[in-house]
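Participant: Sending over a structure as structure tokens; questions will come in a sec.
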Amino acid sequence: MYPPGYPALLAAWTAIGGNGFSWLVVLQIMLAAGTLLFTFDALRRITPPFVALGTLLILAVNPHLIHASGAVMSESPLAFCFAAALWASVSMARGPRQTVVLITVAVLAPMMRTMGVVLPVAIVADWLLARRYRDTVVAVAVFGVTVGSLFAWTMSDPVVVTGNSYAADLVHKAAGLPLWHTVLNRVFRNGFFYLTQGVPVSLPAPTIAGTRIDNVIVSLVIVSAFAMGLIPSFRKIRVPLLACLAMAGLLSMWPWPVARYLVPALPLLVPMLLLGIASAGEWISPRAAAIGVLAFALVVSAAGGTTTATRIAEGQQCDHNRAVPDSSPACMTRDQASFFGVVQYVNDSLPKDARLVAAKAAPLYYYTKRRAIPSAQLTNIDSATFWTRLHNEQVDYVVLGALHSSEYPSLAHQLEHRCSDLQLVASFPPHTYLFRLVPPVAGATNSAAVRDDRACAAIRKYQHDAQPVPE
């Protein structure tokens with residue numbers, strides 16, 4: 001499902017300094033610092049100083065970028081690729097060297113994170129607009145071999161399960177509706193979400209608790225700034241603009257709107273916003289443009305800095321030296337903490353050869369060394385096939401929690417069909433349960449004699465209390 005570039009980068013990095021988490025974070029911090037450096041150096045060459053400074057101020061304290069730089073996530077390398085493309089497109093002279101750098105960065109971007117495919121699209125479009133036809137032919141050939149192969153590999157995923165396969169995600173639609181109708185609904189829904197929630201949350205824009213007028217004002221400012229920034233962005237930072245337009249098209253048609261998808265694109269989005277504000281201010285005077293940009297940057301960076309400072313203070317309360325993450329309220333959500341309750345129980349009470357189904361199968365295996373199967377592979381099939389698969393895979397236990405969209409309502413619905421075939425082993429508030437599959441009793445159609453109704457009651461309670469969690 002995921003491209004191989006980021007795992008390859010981690011493999012090379014760990015070959016140098018080992019698998020320690022701190023060493024991995026050093027890589028993320030270097031990528032984040034490089035993103036700031038490339039972005040600022042590019043903008044200071046082609047935009048007024050207050051635009052470059054305002055962009056740096058907003059990005060430097062952005063809580064989402066800082067979080068990504070302190071975690072083993074692909075957002076930081078993709079943001080670095082975007083920033084490097086911005087820098088190469090405006091700082092390097094047109095010629096073979098620039099062509100090689102841009103093609104290389106454009107190949108690396110989708111290898112780090114699939115959404116990076118918008119960068120090759122943007123570069124090809126930019127060179128066509130610039131009538132760089134020879135460079136375009138070379139780029140299309142290289143992208144066809146590299147990015148095209150990646151796309152073909154992704155689309156040929158044999159496990160075509162929504163939520164666990166991009167091939168399935170692309171054609172996911174509501175029951176009874178044609179695909180074109182579903183896509184049209186997505187475009188309106190996702191567009192509204194990203195303009196009114198996604199971008200403001202990613203910046204992050206300041207909000208006033210308990211009010212809605214601030215959300216309306218922020219959304220109007222963002223939409224207006226983007227609109228005003230189209231022409232100056234086209235003139236000064238065309239590759240980032242085209243990448244953002246391609247990303248808007250991709251995200252508008254994706255089944256699920258998630259604000260986190262915008263985080264790697266912040267080095268491209270923020271300059272566009274500030275160029276739009278500067279363009280509006282210049283209708284009054286150059287001083288008004290500078291004041292408008294710096295005022296916006298100060299307000300947004302103040303909100304981001306406050307959030308960042310709060311998260312740092314909370315993080316300092318956590319014990320980072322534990323084998324299993326600190327599950328205190330300041331360090332993780334209650335549902336995350338309940339997952340690690342399952343981890344502890346599995347380590348203490350289940351046999352080494354136990355097989356489980358869980359939404360978070362990879363971390364469950366990492367912390368317990370018990371074989372775990374992702375529930376997303378089993379939830380989009382009929383009930384009879386689901387239970388047959390459980391028995392064929394010799395599954396002993398099922399973990400039902402609230403950390404992945406495949407659990408609510410899909411997994412709970414599958415388990416409810418034959419809840420009498422389950423035994424409630426343990427529960428971990430607020431919404432996590434561990435069930436055991438009860439083996440059939442010889443000579444009986446069911447084994448009700450050794451079962452109780454606690455499993456059915458637990459699943460009913462889960463369906464009443466739990467809420468879907470977007471991945």
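Labels for the structure tokens follow display order: chains A, B, ..., residues from 1 in each chain, ligands from 1.
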Name the residues in contact with segment 345-348 of chain A at a cut-off of 12 Å, using only C-alpha atoms, excluding same-chain residues fewer than 2 positions from it; report them as a VMD selection string.

Facilitator: chain A and resid 324 338 to 343 350 to 356 364 to 372 396 to 399 425 to 428 433 to 436

Participant: Tell me, as a ChimeraX atom specification, which residues lie within 10 Å of Thr99 of chain A, counting only C-alpha atoms; anything in the same chain fewer than 6 positions away does not count.

Facilitator: /A:88-89,92-93,123,127,135-136,138-139

Participant: If you run DSSP over the backbone, which residues in segment 289-450 of chain A end up alpha helix (DSSP H)? Put them as JSON, numbers by chain.

Facilitator: {"A": [289, 290, 291, 292, 293, 294, 295, 296, 297, 298, 299, 300, 301, 302, 303, 304, 305, 306, 307, 308, 309, 310, 311, 312, 313, 314, 315, 334, 335, 336, 337, 338, 339, 340, 341, 342, 343, 344, 345, 346, 347, 348, 349, 361, 362, 363, 364, 365, 366, 367, 368, 383, 384, 385, 386, 387, 388, 389, 390, 391, 392, 412, 413, 414, 415, 416, 417]}

Participant: Can you tell me which residues surround Glu416 of chain A at a distance of at most 9 Å, considering only C-alpha atoms, apart from same-chain residues fewer than 5 positions away, and format the answer as a list in words?

Facilitator: Leu411, Ala455, Cys456, Ile459 and Arg460 of chain A

Participant: Tell me which protein, DNA and RNA residues are within 10 Å of segment 271-274 of chain A, counting only C-alpha atoms, leaving out same-chain ones fewer than 2 positions away, and put them as a PDB file with C-alpha atoms, in the first residue's frame.

Facilitator:
```
ATOM      1  CA  THR A  39      11.719  27.608   1.646  1.00  0.00           C
ATOM      2  CA  PHE A  40      13.167  30.803   3.127  1.00  0.00           C
ATOM      3  CA  LEU A  43      11.335  33.153  -1.145  1.00  0.00           C
ATOM      4  CA  THR A  47       9.348  37.896  -2.977  1.00  0.00           C
ATOM      5  CA  PHE A  50       8.190  40.381   4.657  1.00  0.00           C
ATOM      6  CA  VAL A  51       6.706  37.444   2.690  1.00  0.00           C
ATOM      7  CA  ALA A  52       9.822  35.320   3.203  1.00  0.00           C
ATOM      8  CA  GLY A  54       6.338  35.741   7.492  1.00  0.00           C
ATOM      9  CA  THR A  55       6.469  32.307   5.879  1.00  0.00           C
ATOM     10  CA  LEU A  56       9.466  31.300   7.989  1.00  0.00           C
ATOM     11  CA  ILE A  58       4.593  30.559  10.518  1.00  0.00           C
ATOM     12  CA  VAL A 221      -9.702  35.346   4.719  1.00  0.00           C
ATOM     13  CA  ILE A 222      -8.175  32.086   3.492  1.00  0.00           C
ATOM     14  CA  VAL A 223     -10.407  31.782   0.417  1.00  0.00           C
ATOM     15  CA  SER A 224      -9.816  35.437  -0.468  1.00  0.00           C
ATOM     16  CA  ALA A 225      -6.055  35.158   0.064  1.00  0.00           C
ATOM     17  CA  PHE A 226      -5.828  32.068  -2.135  1.00  0.00           C
ATOM     18  CA  ALA A 227      -7.829  33.766  -4.873  1.00  0.00           C
ATOM     19  CA  MET A 228      -5.701  36.924  -4.698  1.00  0.00           C
ATOM     20  CA  GLY A 229      -2.525  34.834  -4.602  1.00  0.00           C
ATOM     21  CA  LEU A 230      -3.154  32.893  -7.807  1.00  0.00           C
ATOM     22  CA  ILE A 231      -1.677  35.458 -10.192  1.00  0.00           C
ATOM     23  CA  PRO A 232       1.420  36.413  -8.150  1.00  0.00           C
ATOM     24  CA  SER A 233       2.030  32.737  -7.368  1.00  0.00           C
ATOM     25  CA  PHE A 234       1.783  31.872 -11.062  1.00  0.00           C
ATOM     26  CA  LYS A 236       6.805  33.799  -8.965  1.00  0.00           C
ATOM     27  CA  ILE A 237       6.320  30.258  -7.634  1.00  0.00           C
ATOM     28  CA  PRO A 240       4.293  25.156  -5.989  1.00  0.00           C
ATOM     29  CA  LEU A 241       1.064  26.638  -7.345  1.00  0.00           C
ATOM     30  CA  CYS A 244      -1.187  22.723  -4.888  1.00  0.00           C
ATOM     31  CA  LEU A 266       2.453  23.811   4.167  1.00  0.00           C
ATOM     32  CA  PRO A 267       5.781  25.068   2.685  1.00  0.00           C
ATOM     33  CA  LEU A 268       3.835  25.567  -0.550  1.00  0.00           C
ATOM     34  CA  LEU A 269       0.496  26.748   0.824  1.00  0.00           C
ATOM     35  CA  GLY A 276      -2.357  36.838  -1.821  1.00  0.00           C
ATOM     36  CA  ILE A 277      -2.496  39.066   1.256  1.00  0.00           C
ATOM     37  CA  ALA A 278       0.404  41.121  -0.074  1.00  0.00           C
ATOM     38  CA  SER A 279      -1.345  41.489  -3.423  1.00  0.00           C
ATOM     39  CA  ALA A 280      -4.505  42.741  -1.724  1.00  0.00           C
ATOM     40  CA  ALA A 289       0.966  45.020   1.998  1.00  0.00           C
ATOM     41  CA  ALA A 290       3.805  44.606   4.502  1.00  0.00           C
ATOM     42  CA  GLY A 292      -1.108  42.912   6.290  1.00  0.00           C
ATOM     43  CA  VAL A 293       1.336  40.063   5.705  1.00  0.00           C
ATOM     44  CA  LEU A 294       3.216  40.545   8.979  1.00  0.00           C
ATOM     45  CA  PHE A 296      -1.378  37.683   9.521  1.00  0.00           C
ATOM     46  CA  ALA A 297       1.957  35.924  10.151  1.00  0.00           C
TER      47      ALA A 297
END
```

Participant: Leaving out Ser252 of chain A and any residue of its chain fewer than 3 positions from it, which residues lie within 6 Å of it when counting only C-alpha atoms, given as a PDB file with C-alpha atoms, in the first residue's frame?

Facilitator:
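Final output, saved to selection_18.pdb:
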```
ATOM      1  CA  VAL A 187     -15.701  17.161  -4.438  1.00  0.00           C
ATOM      2  CA  ASN A 190     -14.034  17.719   0.655  1.00  0.00           C
ATOM      3  CA  GLY A 191     -13.672  21.180  -0.845  1.00  0.00           C
ATOM      4  CA  ALA A 248      -6.573  20.050  -4.532  1.00  0.00           C
ATOM      5  CA  GLY A 249      -7.865  17.867  -7.364  1.00  0.00           C
TER       6      GLY A 249
END
```

Participant: So that I can see what lies close to Phe193 of chain A, please list as an MDAnalysis selection string the residues with an atom at most 12 Å from it, counting only C-alpha atoms and leaving out residues fewer than 2 positions away in the same chain.

Facilitator: chainID A and resid 186:191 195:201 215 219 248 251:252 256:259 262

Participant: Just the number, please: distance in Å from atom CA of Thr310 of chain A to atom CA of Val216 of chain A, one decimal.

Facilitator: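 Distance between the two atoms: 25.6 Å.
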
Participant: In Å to one decimal, how far is atom CA of Val270 of chain A from atom CA of Thr307 of chain A?

Facilitator: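 Computing it gives 18.1 Å between the two atoms.
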
Participant: Considering only C-alpha atoms, state which residue in the set A:Ala359, A:Ala42, A:Val72, A:Val218 is at the smallest distance from Asn19 of chain A.

Facilitator: A:Val72

Participant: Return the single residue from A:Val438, A:Leu400, A:Ala33, A:Phe386 that is closest to Gln414 of chain A, with distances computed using only C-alpha atoms.

Facilitator: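 Nearest to Gln414 of chain A: A:Phe386.
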
Participant: Can you tell me, as a list in words, what residues are no more than 7 Å from Phe80 of chain A when counting only C-alpha atoms, ignoring any on the same chain fewer than 3 positions away?

Facilitator: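 The contact residues come out as Leu31, Ala32, Gly34, Thr35, Ser76, Pro77, Ala83 and Ala84 of chain A.
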
Participant: Kindly save the residues from that selection, with N, CA and C atoms included, as a compact mmCIF listing (two decimals), in the first residue's frame.

Facilitator:
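Contents of the output file result_8.txt:
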```txt
# COMPACT_ATOMS: atom_id res chain seq x y z
N LEU A 31 15.54 16.95 8.26
CA LEU A 31 14.64 17.18 7.14
C LEU A 31 13.79 18.42 7.37
N ALA A 32 13.29 18.59 8.60
CA ALA A 32 12.47 19.76 8.92
C ALA A 32 13.29 21.05 8.81
N GLY A 34 15.94 21.48 6.95
CA GLY A 34 16.19 21.68 5.53
C GLY A 34 14.99 22.26 4.82
N THR A 35 13.79 21.85 5.23
CA THR A 35 12.57 22.41 4.65
C THR A 35 12.49 23.91 4.89
N SER A 76 7.59 14.65 7.03
CA SER A 76 8.80 15.47 6.96
C SER A 76 9.59 15.27 5.66
N PRO A 77 9.85 14.05 5.22
CA PRO A 77 10.56 13.90 3.95
C PRO A 77 9.79 14.43 2.75
N ALA A 83 9.79 21.54 -0.58
CA ALA A 83 10.60 22.74 -0.37
C ALA A 83 11.81 22.74 -1.31
N ALA A 84 12.42 21.58 -1.53
CA ALA A 84 13.56 21.50 -2.44
C ALA A 84 13.14 21.82 -3.87
```

Participant: Using only C-alpha atoms, which of the listed residues (A:Leu378, A:Ala384, A:Ile16, A:Leu10) sits closest to Gln28 of chain A?

Facilitator: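 For Gln28 of chain A, the nearest of the given residues is A:Leu10.
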
Participant: Got a sec to tell me which of segment 180-370 of chain A DSSP assigns to strand (DSSP E), as a ChimeraX atom specification?

Facilitator: /A:355-358

Participant: A:Ile46, A:Val183, A:Leu403, A:Ala71: which is nearest Ser22 of chain A, counting only C-alpha atoms?

Facilitator: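 So, comparing all the options, the nearest one is A:Ala71.
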